[in-house]
Structure formats: structure tokens, C-alpha cells
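One file, coords-v1.cif, is given below (mmCIF, C-alpha atoms and all ligand atoms).
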```cif
data_final
#
loop_
_atom_site.group_PDB
_atom_site.id
_atom_site.type_symbol
_atom_site.label_atom_id
_atom_site.label_comp_id
_atom_site.auth_asym_id
_atom_site.auth_seq_id
_atom_site.Cartn_x
_atom_site.Cartn_y
_atom_site.Cartn_z
ATOM 1 C CA MET A 1 -14.653 5.692 4.398
ATOM 2 C CA ALA A 2 -11.060 6.351 3.515
ATOM 3 C CA LYS A 3 -9.355 7.735 0.438
ATOM 4 C CA ILE A 4 -6.907 5.148 -0.811
ATOM 5 C CA LEU A 5 -4.418 5.689 -3.623
ATOM 6 C CA ILE A 6 -3.422 2.581 -5.548
ATOM 7 C CA VAL A 7 -0.240 2.572 -7.636
ATOM 8 C CA GLU A 8 -0.238 -0.518 -9.821
ATOM 9 C CA ASP A 9 0.630 -1.173 -13.458
ATOM 10 C CA ASN A 10 -1.461 -4.324 -13.854
ATOM 11 C CA ALA A 11 -5.046 -3.614 -14.949
ATOM 12 C CA LEU A 12 -6.482 -6.777 -13.406
ATOM 13 C CA ASN A 13 -4.917 -6.006 -10.036
ATOM 14 C CA ILE A 14 -6.215 -2.441 -10.200
ATOM 15 C CA LYS A 15 -9.722 -3.733 -10.771
ATOM 16 C CA LEU A 16 -9.385 -6.290 -7.984
ATOM 17 C CA PHE A 17 -8.029 -3.784 -5.450
ATOM 18 C CA CYS A 18 -10.542 -1.061 -6.393
ATOM 19 C CA ASP A 19 -13.500 -3.462 -6.226
ATOM 20 C CA LEU A 20 -12.325 -4.806 -2.889
ATOM 21 C CA LEU A 21 -11.800 -1.371 -1.358
ATOM 22 C CA ALA A 22 -15.079 0.005 -2.732
ATOM 23 C CA ALA A 23 -16.894 -3.040 -1.299
ATOM 24 C CA HIS A 24 -15.459 -2.066 2.085
ATOM 25 C CA GLY A 25 -16.853 1.453 1.693
ATOM 26 C CA HIS A 26 -13.615 3.162 0.709
ATOM 27 C CA GLU A 27 -12.865 5.598 -2.082
ATOM 28 C CA PRO A 28 -10.059 4.159 -4.226
ATOM 29 C CA GLU A 29 -8.141 6.055 -6.880
ATOM 30 C CA ALA A 30 -5.706 4.262 -9.153
ATOM 31 C CA VAL A 31 -2.531 5.446 -10.859
ATOM 32 C CA THR A 32 -0.996 3.145 -13.472
ATOM 33 C CA ASP A 33 2.120 5.184 -14.279
ATOM 34 C CA SER A 34 4.281 5.568 -11.183
ATOM 35 C CA ARG A 35 5.817 8.738 -12.652
ATOM 36 C CA ASN A 36 2.453 10.396 -11.893
ATOM 37 C CA ALA A 37 2.046 8.856 -8.457
ATOM 38 C CA LEU A 38 3.582 11.583 -6.302
ATOM 39 C CA ASP A 39 1.548 14.351 -7.962
ATOM 40 C CA ALA A 40 -1.586 12.205 -7.719
ATOM 41 C CA ALA A 41 -0.932 11.600 -4.030
ATOM 42 C CA ARG A 42 -0.419 15.308 -3.381
ATOM 43 C CA SER A 43 -3.718 16.258 -5.029
ATOM 44 C CA PHE A 44 -5.774 13.258 -3.800
ATOM 45 C CA SER A 45 -4.382 13.488 -0.251
ATOM 46 C CA PRO A 46 -5.013 9.818 0.541
ATOM 47 C CA ASP A 47 -5.443 8.239 3.971
ATOM 48 C CA LEU A 48 -3.467 5.245 2.731
ATOM 49 C CA VAL A 49 -1.230 4.458 -0.245
ATOM 50 C CA ILE A 50 -1.121 0.946 -1.662
ATOM 51 C CA THR A 51 1.740 0.451 -4.074
ATOM 52 C CA ASP A 52 3.033 -2.329 -6.238
ATOM 53 C CA ILE A 53 6.801 -2.780 -6.035
ATOM 54 C CA GLN A 54 7.528 -4.027 -9.546
ATOM 55 C CA LEU A 55 6.657 -0.898 -11.514
ATOM 56 C CA PRO A 56 8.228 0.458 -14.692
ATOM 57 C CA HIS A 57 9.894 3.896 -14.567
ATOM 58 C CA VAL A 58 9.700 4.669 -10.840
ATOM 59 C CA SER A 59 9.912 1.490 -8.759
ATOM 60 C CA GLY A 60 7.745 0.965 -5.732
ATOM 61 C CA LEU A 61 10.768 1.282 -3.458
ATOM 62 C CA GLU A 62 11.691 4.636 -5.013
ATOM 63 C CA LEU A 63 8.107 5.798 -4.717
ATOM 64 C CA ILE A 64 7.934 4.830 -1.035
ATOM 65 C CA ARG A 65 11.109 6.841 -0.364
ATOM 66 C CA MET A 66 9.710 9.822 -2.316
ATOM 67 C CA ILE A 67 6.489 9.761 -0.295
ATOM 68 C CA ARG A 68 8.419 9.506 2.974
ATOM 69 C CA GLY A 69 10.515 12.477 1.904
ATOM 70 C CA ASP A 70 7.514 14.626 0.959
ATOM 71 C CA ALA A 71 6.464 17.152 3.600
ATOM 72 C CA GLN A 72 2.755 16.748 2.825
ATOM 73 C CA LEU A 73 2.766 12.950 2.600
ATOM 74 C CA ALA A 74 5.437 11.812 5.036
ATOM 75 C CA GLU A 75 2.938 10.497 7.594
ATOM 76 C CA VAL A 76 0.631 8.659 5.193
ATOM 77 C CA PRO A 77 0.692 4.901 5.825
ATOM 78 C CA ILE A 78 1.966 2.810 2.924
ATOM 79 C CA MET A 79 1.151 -0.789 2.127
ATOM 80 C CA ALA A 80 3.344 -2.540 -0.426
ATOM 81 C CA VAL A 81 1.910 -5.309 -2.570
ATOM 82 C CA THR A 82 4.470 -7.445 -4.289
ATOM 83 C CA ALA A 83 5.267 -10.814 -5.719
ATOM 84 C CA TYR A 84 8.627 -10.674 -3.937
ATOM 85 C CA SER A 85 8.983 -13.385 -1.368
ATOM 86 C CA ALA A 86 12.636 -13.265 -0.357
ATOM 87 C CA ARG A 87 13.240 -12.085 3.190
ATOM 88 C CA GLY A 88 15.743 -9.428 2.153
ATOM 89 C CA ASP A 89 13.204 -7.879 -0.206
ATOM 90 C CA GLU A 90 10.644 -7.514 2.557
ATOM 91 C CA GLU A 91 13.219 -5.839 4.776
ATOM 92 C CA ARG A 92 14.132 -3.412 1.982
ATOM 93 C CA ILE A 93 10.455 -2.553 1.538
ATOM 94 C CA ARG A 94 10.067 -1.869 5.251
ATOM 95 C CA ALA A 95 13.358 0.057 5.406
ATOM 96 C CA ALA A 96 12.143 2.293 2.555
ATOM 97 C CA GLY A 97 9.235 3.310 4.781
ATOM 98 C CA ALA A 98 6.264 1.037 4.099
ATOM 99 C CA GLN A 99 4.359 -0.023 7.223
ATOM 100 C CA ALA A 100 2.978 -3.210 5.755
ATOM 101 C CA TYR A 101 3.629 -5.749 3.082
ATOM 102 C CA VAL A 102 1.198 -8.117 1.386
ATOM 103 C CA SER A 103 2.390 -10.669 -1.121
ATOM 104 C CA LYS A 104 0.774 -11.489 -4.455
ATOM 105 C CA PRO A 105 -1.342 -13.321 -5.246
ATOM 106 C CA ILE A 106 -3.156 -11.575 -2.440
ATOM 107 C CA SER A 107 -5.309 -13.213 0.166
ATOM 108 C CA VAL A 108 -8.461 -11.091 0.161
ATOM 109 C CA ALA A 109 -8.842 -11.461 3.927
ATOM 110 C CA ARG A 110 -5.210 -10.537 4.582
ATOM 111 C CA PHE A 111 -5.424 -7.560 2.220
ATOM 112 C CA ALA A 112 -8.601 -6.229 3.856
ATOM 113 C CA HIS A 113 -7.275 -6.837 7.372
ATOM 114 C CA THR A 114 -4.023 -5.003 6.662
ATOM 115 C CA VAL A 115 -5.895 -2.042 5.154
ATOM 116 C CA ASP A 116 -8.085 -1.865 8.277
ATOM 117 C CA GLU A 117 -5.066 -2.027 10.578
ATOM 118 C CA LEU A 118 -3.219 0.733 8.753
ATOM 119 C CA LEU A 119 -6.276 2.994 8.652
ATOM 120 C CA ALA A 120 -6.751 2.409 12.388
ATOM 121 C CA GLY A 121 -3.159 3.537 12.938
ATOM 122 C CA LYS A 122 -2.042 0.181 14.265
ATOM 123 C CA HIS A 123 1.295 0.344 12.487
ATOM 124 C CA GLU A 124 3.192 -1.442 15.216
ATOM 125 C CA GLU A 125 1.125 -4.588 15.011
ATOM 126 C CA VAL A 126 1.431 -4.730 11.247
ATOM 127 C CA LEU A 127 5.127 -3.865 11.358
ATOM 128 C CA SER A 128 5.906 -6.738 13.672
ATOM 129 C CA GLY A 129 4.474 -9.110 11.122
ATOM 130 C CA THR A 130 2.414 -10.942 13.710
ATOM 131 C CA GLU A 131 -0.677 -12.732 12.551
ATOM 132 C CA PRO A 132 -3.948 -11.219 13.723
ATOM 133 C CA SER A 133 -4.821 -12.695 17.077
ATOM 134 C CA PRO A 134 -8.331 -13.950 17.750
ATOM 135 C CA ARG A 135 -10.455 -11.449 19.668
ATOM 136 C CA THR A 136 -11.270 -12.941 23.001
HETATM 137 MN MN MN A 201 3.779 -4.476 -11.405
#
```
Now that the file is in, can you turn its structure into C-alpha cells?
Amino acid sequence: MAKILIVEDNALNIKLFCDLLAAHGHEPEAVTDSRNALDAARSFSPDLVITDIQLPHVSGLELIRMIRGDAQLAEVPIMAVTAYSARGDEERIRAAGAQAYVSKPISVARFAHTVDELLAGKHEEVLSGTEPSPRT
């Protein structure tokens, strides 16, 4: 079981992500207002942060940079979830400090796989963007 902080302004996505993570035995906590996200992360001390990019007030990119710059949270893996599809956007997300990127609408299998990889500390594999290879 892992503690996973979700930062997302869309109620339906929050429900989807929380249900999915709870079904996998995790403990999700959701923040809808990104202005509260850093404080929530400090007190919840998550094993993984999942953040939307298109957020009012503090954007997902800003939030990722804030987490990376926070002494307590700097090492926490971050997964960005976004409707962005342009290549430059993905590179900006990764440059800001997210280890992984999943596009909306999410593939449930891809979402769950990426969460597992990040929690297992397999950042490199996720970073390279390679598809999961079949276990032989
Ligand atoms: Mn949004």
C-alpha cells in the first residue's frame, strides 16, 4: 500500500483516479485546489504525487517545480496526467521534474502500470518512454 496524493481540479477524474488506486490497495488523497497542494503534500508525505497539468491558480508545471525544490519532497516521484499531446509539452513536463507522463483520457492499464513502476523506483524505464516489455 502506498500513499498517493492526487492534484486534480476535475471531480470525475478525482473519483476515477481514487477508485482505481484504492482498488489496487493504495491510499489516495485528493487536492482540488493546487494552491493547497504543497502544504497537503508536506503533511500527507506521499509515496507518489499524481498531478494534472491544466490547473487553475498554480499550474501543474509550477507545482512540479515547487515539489522538486522542497527539501522534504524533492525525492518523491511525480506522475503528470494531462490532455497535452504535443511533444514539446511532454518535454517541458519532464524537464520540470516529473518522472512519468500519462495522457488523458487515461488508459486504465497504462495508468496502473506507470503507478507500479514509479512506486517500485523504476524511474529510468518510465523516463525513457519505452513500452512495458513482455516478461519472458
Ligand atoms: Mn485540469
If we count all atoms listed in the file, what is near Ile64 in chain A at a cut-off of 9 Å, once residues fewer than 5 positions away on the same chain are taken out, given as a list in words?
Thr51, Ser59, Gly69, Ile78, Ala80, Ile93, Ala96, Gly97 and Ala98 of chain A
Store the residues picked out above in a file with C-alpha atoms, as a PDB file, keeping the file's coordinate frame.
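Listing of result21.pdb after writing:
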```pdb
ATOM      1  CA  THR A  51       1.740   0.451  -4.074  1.00  0.00           C
ATOM      2  CA  SER A  59       9.912   1.490  -8.759  1.00  0.00           C
ATOM      3  CA  GLY A  69      10.515  12.477   1.904  1.00  0.00           C
ATOM      4  CA  ILE A  78       1.966   2.810   2.924  1.00  0.00           C
ATOM      5  CA  ALA A  80       3.344  -2.540  -0.426  1.00  0.00           C
ATOM      6  CA  ILE A  93      10.455  -2.553   1.538  1.00  0.00           C
ATOM      7  CA  ALA A  96      12.143   2.293   2.555  1.00  0.00           C
ATOM      8  CA  GLY A  97       9.235   3.310   4.781  1.00  0.00           C
ATOM      9  CA  ALA A  98       6.264   1.037   4.099  1.00  0.00           C
TER      10      ALA A  98
END
```
Residue members of the PyMOL selection byres (((not hetatm)) within 8 of (chain A and resi 201)) in the file shown, as a VMD selection string:
chain A and resid 8 to 10 52 to 56 82
Go ahead and save the residues from that selection, with C-alpha atoms, as a JSON list (two decimals), in the coordinates of the input.
```json
[["chain", "number", "residue", "atom", "x", "y", "z"],
["A", 8, "GLU", "CA", -0.24, -0.52, -9.82],
["A", 9, "ASP", "CA", 0.63, -1.17, -13.46],
["A", 10, "ASN", "CA", -1.46, -4.32, -13.85],
["A", 52, "ASP", "CA", 3.03, -2.33, -6.24],
["A", 53, "ILE", "CA", 6.80, -2.78, -6.04],
["A", 54, "GLN", "CA", 7.53, -4.03, -9.55],
["A", 55, "LEU", "CA", 6.66, -0.90, -11.51],
["A", 56, "PRO", "CA", 8.23, 0.46, -14.69],
["A", 82, "THR", "CA", 4.47, -7.44, -4.29]]
```
In Å to one decimal, how far is CA of Thr114 in chain A from CA of His26 in chain A?
13.9 Å
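Here CA of Ile14 in chain A stands at a distance of 9.3 Å from CA of Glu29 in chain A.
Pairwise distance (CA of Glu117 in chain A, CA of His57 in chain A) equals 29.9 Å.
Matched in the shown structure by the PyMOL selection byres (((chain A and resi 2) around 9) and not hetatm): Met1, Lys3, Ile4, Gly25, His26, Glu27, Pro28, Pro46, Asp47, Leu48 and Leu119 of chain A.
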Just-selected residues, C-alpha atoms written as an mmCIF file, in the coordinates of the input:
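again.cif, freshly written:
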```cif
data_model
loop_
_atom_site.group_PDB
_atom_site.id
_atom_site.type_symbol
_atom_site.label_atom_id
_atom_site.label_comp_id
_atom_site.auth_asym_id
_atom_site.auth_seq_id
_atom_site.Cartn_x
_atom_site.Cartn_y
_atom_site.Cartn_z
ATOM 1 C CA MET A 1 -14.653 5.692 4.398
ATOM 2 C CA LYS A 3 -9.355 7.735 0.438
ATOM 3 C CA ILE A 4 -6.907 5.148 -0.811
ATOM 4 C CA GLY A 25 -16.853 1.453 1.693
ATOM 5 C CA HIS A 26 -13.615 3.162 0.709
ATOM 6 C CA GLU A 27 -12.865 5.598 -2.082
ATOM 7 C CA PRO A 28 -10.059 4.159 -4.226
ATOM 8 C CA PRO A 46 -5.013 9.818 0.541
ATOM 9 C CA ASP A 47 -5.443 8.239 3.971
ATOM 10 C CA LEU A 48 -3.467 5.245 2.731
ATOM 11 C CA LEU A 119 -6.276 2.994 8.652
#
```
Enumerate, as a PyMOL selection string, the residues matched when the PyMOL selection byres (((chain A and resi 67) around 12) and not hetatm) is run on the file above.
chain A and resi 34+37-42+45-46+48-51+60-66+68-78+96-98
Could you list, as number ranges by chain, every residue within 12 Å of Leu12 in chain A, counting all atoms listed in the file and ignoring same-chain residues fewer than 6 positions away?
A: 18-19, 30, 32, 105
The centre and edge lengths of an axis-aligned box containing all atoms of range 56-73 of chain A present in the file, extended by 3 Å on each side, are to be given in Å to one decimal, as AutoDock Vina command-line options.
```
--center_x 7.2 --center_y 8.8 --center_z -5.5 --size_x 14.9 --size_y 22.7 --size_z 24.3
```
Kindly indicate which residue among A:Arg92, A:Lys15, A:Phe44, A:Ala100 lies nearest to Asp116 in chain A, using all atoms listed in the file for the distances.
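Ranking A:Arg92, A:Lys15, A:Phe44, A:Ala100 by distance to Asp116 in chain A, first place goes to A:Ala100.
Of the residues listed (A:Val58, A:Ile106, A:Met79, A:Ala120), A:Ile106 shows the shortest atom-to-atom separation from Asn13 in chain A; distances use all atoms listed in the file.
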Kindly write range 68-111 of chain A with N, CA and C atoms to a file, as a compact mmCIF listing (two decimals), in the first residue's frame.
```txt
# COMPACT_ATOMS: atom_id res chain seq x y z
N ARG A 68 9.88 19.72 -6.48
CA ARG A 68 11.30 19.40 -6.69
C ARG A 68 12.20 20.32 -5.88
N GLY A 69 11.72 21.52 -5.60
CA GLY A 69 12.52 22.48 -4.85
C GLY A 69 12.31 22.41 -3.35
N ASP A 70 11.43 21.49 -2.91
CA ASP A 70 11.11 21.39 -1.49
C ASP A 70 11.98 20.32 -0.84
N ALA A 71 12.67 20.71 0.24
CA ALA A 71 13.63 19.78 0.86
C ALA A 71 12.98 18.46 1.25
N GLN A 72 11.76 18.53 1.78
CA GLN A 72 11.09 17.31 2.26
C GLN A 72 10.59 16.43 1.10
N LEU A 73 10.25 17.07 -0.02
CA LEU A 73 9.54 16.35 -1.08
C LEU A 73 10.36 16.10 -2.34
N ALA A 74 11.57 16.60 -2.36
CA ALA A 74 12.35 16.61 -3.60
C ALA A 74 12.48 15.24 -4.26
N GLU A 75 12.49 14.18 -3.45
CA GLU A 75 12.72 12.84 -4.00
C GLU A 75 11.43 12.09 -4.35
N VAL A 76 10.30 12.67 -4.04
CA VAL A 76 9.03 11.96 -4.28
C VAL A 76 8.78 11.87 -5.79
N PRO A 77 8.51 10.66 -6.29
CA PRO A 77 8.21 10.55 -7.72
C PRO A 77 6.91 11.27 -8.09
N ILE A 78 6.89 11.84 -9.27
CA ILE A 78 5.74 12.60 -9.75
C ILE A 78 5.30 12.06 -11.09
N MET A 79 4.01 11.83 -11.20
CA MET A 79 3.41 11.40 -12.46
C MET A 79 2.45 12.50 -12.91
N ALA A 80 2.67 13.02 -14.10
CA ALA A 80 1.78 14.05 -14.65
C ALA A 80 0.71 13.38 -15.50
N VAL A 81 -0.51 13.91 -15.37
CA VAL A 81 -1.62 13.41 -16.17
C VAL A 81 -2.18 14.62 -16.91
N THR A 82 -2.19 14.54 -18.21
CA THR A 82 -2.54 15.73 -18.97
C THR A 82 -3.14 15.42 -20.32
N ALA A 83 -3.95 16.33 -20.78
CA ALA A 83 -4.52 16.19 -22.11
C ALA A 83 -3.56 16.69 -23.18
N TYR A 84 -2.44 17.28 -22.75
CA TYR A 84 -1.44 17.73 -23.72
C TYR A 84 -0.97 16.55 -24.56
N SER A 85 -0.73 16.79 -25.81
CA SER A 85 -0.20 15.71 -26.63
C SER A 85 1.02 16.14 -27.43
N ALA A 86 1.27 17.44 -27.49
CA ALA A 86 2.41 17.91 -28.28
C ALA A 86 3.72 17.48 -27.64
N ARG A 87 4.68 17.16 -28.46
CA ARG A 87 5.96 16.64 -27.98
C ARG A 87 6.65 17.64 -27.05
N GLY A 88 6.62 18.91 -27.42
CA GLY A 88 7.29 19.91 -26.61
C GLY A 88 6.71 20.01 -25.20
N ASP A 89 5.40 19.78 -25.10
CA ASP A 89 4.75 19.82 -23.79
C ASP A 89 5.25 18.69 -22.90
N GLU A 90 5.37 17.51 -23.48
CA GLU A 90 5.86 16.38 -22.70
C GLU A 90 7.28 16.65 -22.21
N GLU A 91 8.10 17.23 -23.06
CA GLU A 91 9.48 17.51 -22.66
C GLU A 91 9.52 18.55 -21.54
N ARG A 92 8.62 19.55 -21.62
CA ARG A 92 8.56 20.55 -20.54
C ARG A 92 8.16 19.90 -19.22
N ILE A 93 7.21 18.97 -19.29
CA ILE A 93 6.76 18.27 -18.08
C ILE A 93 7.91 17.49 -17.47
N ARG A 94 8.66 16.80 -18.31
CA ARG A 94 9.79 16.01 -17.81
C ARG A 94 10.90 16.92 -17.30
N ALA A 95 11.14 18.03 -18.01
CA ALA A 95 12.19 18.97 -17.58
C ALA A 95 11.84 19.59 -16.24
N ALA A 96 10.54 19.79 -15.96
CA ALA A 96 10.13 20.37 -14.68
C ALA A 96 10.42 19.42 -13.53
N GLY A 97 10.52 18.11 -13.83
CA GLY A 97 10.89 17.16 -12.79
C GLY A 97 9.93 16.00 -12.59
N ALA A 98 8.96 15.82 -13.49
CA ALA A 98 8.10 14.65 -13.39
C ALA A 98 8.80 13.45 -14.00
N GLN A 99 8.65 12.28 -13.37
CA GLN A 99 9.30 11.07 -13.90
C GLN A 99 8.47 10.41 -14.99
N ALA A 100 7.17 10.66 -14.96
CA ALA A 100 6.31 9.96 -15.91
C ALA A 100 5.15 10.84 -16.33
N TYR A 101 4.56 10.46 -17.43
CA TYR A 101 3.56 11.27 -18.08
C TYR A 101 2.52 10.33 -18.68
N VAL A 102 1.28 10.55 -18.33
CA VAL A 102 0.18 9.74 -18.87
C VAL A 102 -0.83 10.69 -19.47
N SER A 103 -1.25 10.43 -20.69
CA SER A 103 -2.17 11.36 -21.32
C SER A 103 -3.63 10.99 -21.07
N LYS A 104 -4.46 12.02 -21.04
CA LYS A 104 -5.91 11.85 -20.88
C LYS A 104 -6.55 11.80 -22.27
N PRO A 105 -7.62 11.06 -22.47
CA PRO A 105 -8.22 10.18 -21.46
C PRO A 105 -7.30 9.01 -21.16
N ILE A 106 -7.21 8.67 -19.88
CA ILE A 106 -6.21 7.68 -19.48
C ILE A 106 -6.61 6.27 -19.93
N SER A 107 -5.59 5.49 -20.22
CA SER A 107 -5.75 4.04 -20.33
C SER A 107 -5.56 3.51 -18.91
N VAL A 108 -6.56 2.79 -18.42
CA VAL A 108 -6.50 2.28 -17.04
C VAL A 108 -5.26 1.41 -16.84
N ALA A 109 -4.96 0.57 -17.83
CA ALA A 109 -3.81 -0.32 -17.71
C ALA A 109 -2.51 0.48 -17.67
N ARG A 110 -2.41 1.48 -18.53
CA ARG A 110 -1.21 2.31 -18.59
C ARG A 110 -1.03 3.10 -17.29
N PHE A 111 -2.12 3.64 -16.79
CA PHE A 111 -2.12 4.40 -15.55
C PHE A 111 -1.61 3.51 -14.40
```
